[in-house]
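**Q** I'd like to ask some things about the structure below.
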Amino acid sequence: MKKLDRDEQSLLKAYEKGTLVSVRPTKAQLRALGDAARATFIKNRRVNIRLSAADLMDIQARAYEEGVPYQTLIASVLHKYVSGRLREARSRRTTRTTRARAKTARAG
């Protein structure tokens with residue numbers, strides 16, 4: 001099982017104690033949230049891309065693990081990337097190498 005972060009642990013403790021309180025949104029709030037969701041997920045354009053067989057198999061395997069169709073996973077990853085919520089993780093080695101190159105460039 002995945003390790004819980006501090007917020008998740010706090011929620012779990014509150015749930016186990018029975019201190020969580022359910023909050024019911026108003027009809028206006030539900031309507032506004034529904035409108036926002038519909039506007040966010042309108043898919044009115046088609047895109048065709050070519051992928052390597054290996055990449056497609058890896059995507060399909062990951063989608064299966066996540067319990068979503070692979071095309072939905074691809075669309076989600078692209079959406080997160082363009083909205084700035086998906087960033088490339090940089091390894092410590094890459095960061096050190098980048099800093100060393102920058103230092104060399106400044107010195108030269």
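In the structure tokens, the first chain shown is A, the next is B, and so on; residue numbers restart at 1 for each chain, and ligands run from 1 in the order shown.
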Residues of region 25-94 of chain A classed as alpha helix (DSSP H) by DSSP on the backbone are to be reported as a PyMOL selection string.
**A** chain A and resi 27-40+53-66+70-82+92-94
**Q** May I have the residues within 12 Å of Ser76 (chain A) as a ChimeraX atom specification, using only C-alpha atoms and disregarding those fewer than 3 positions away in the same chain?
**A** /A:40-41,43,63,66,68-73,79-83,85-86
**Q** Please measure the separation of CA of Glu88 (chain A) and CA of Lys2 (chain A), giving the value in Å to one decimal.
**A**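 One can read the CA of Glu88 (chain A) to CA of Lys2 (chain A) distance as 21.9 Å.
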**Q** Between CA of Ala39 (chain A) and CA of Lys27 (chain A), what is the distance, to one decimal in Å?
**A** 18.2 Å
**Q** Excluding region 46-50 of chain A and any residue of its chain fewer than 2 positions from it, enumerate the residues within 12 Å of it, using only C-alpha atoms, and give them as a list in words.
**A**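 Here the qualifying residues turn out to be Ile42, Lys43, Asn44, Ser52, Ala53, Ala54, Asp55, Leu56, Gln71, Ile74, Ala75 and Leu78 of chain A.
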**Q** In Å, rounded to a single decimal, give me how far CA of Gly34 (chain A) is from CA of Arg87 (chain A).
**A**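 Computed distance, CA of Arg87 (chain A) to CA of Gly34 (chain A), equals 28.2 Å.
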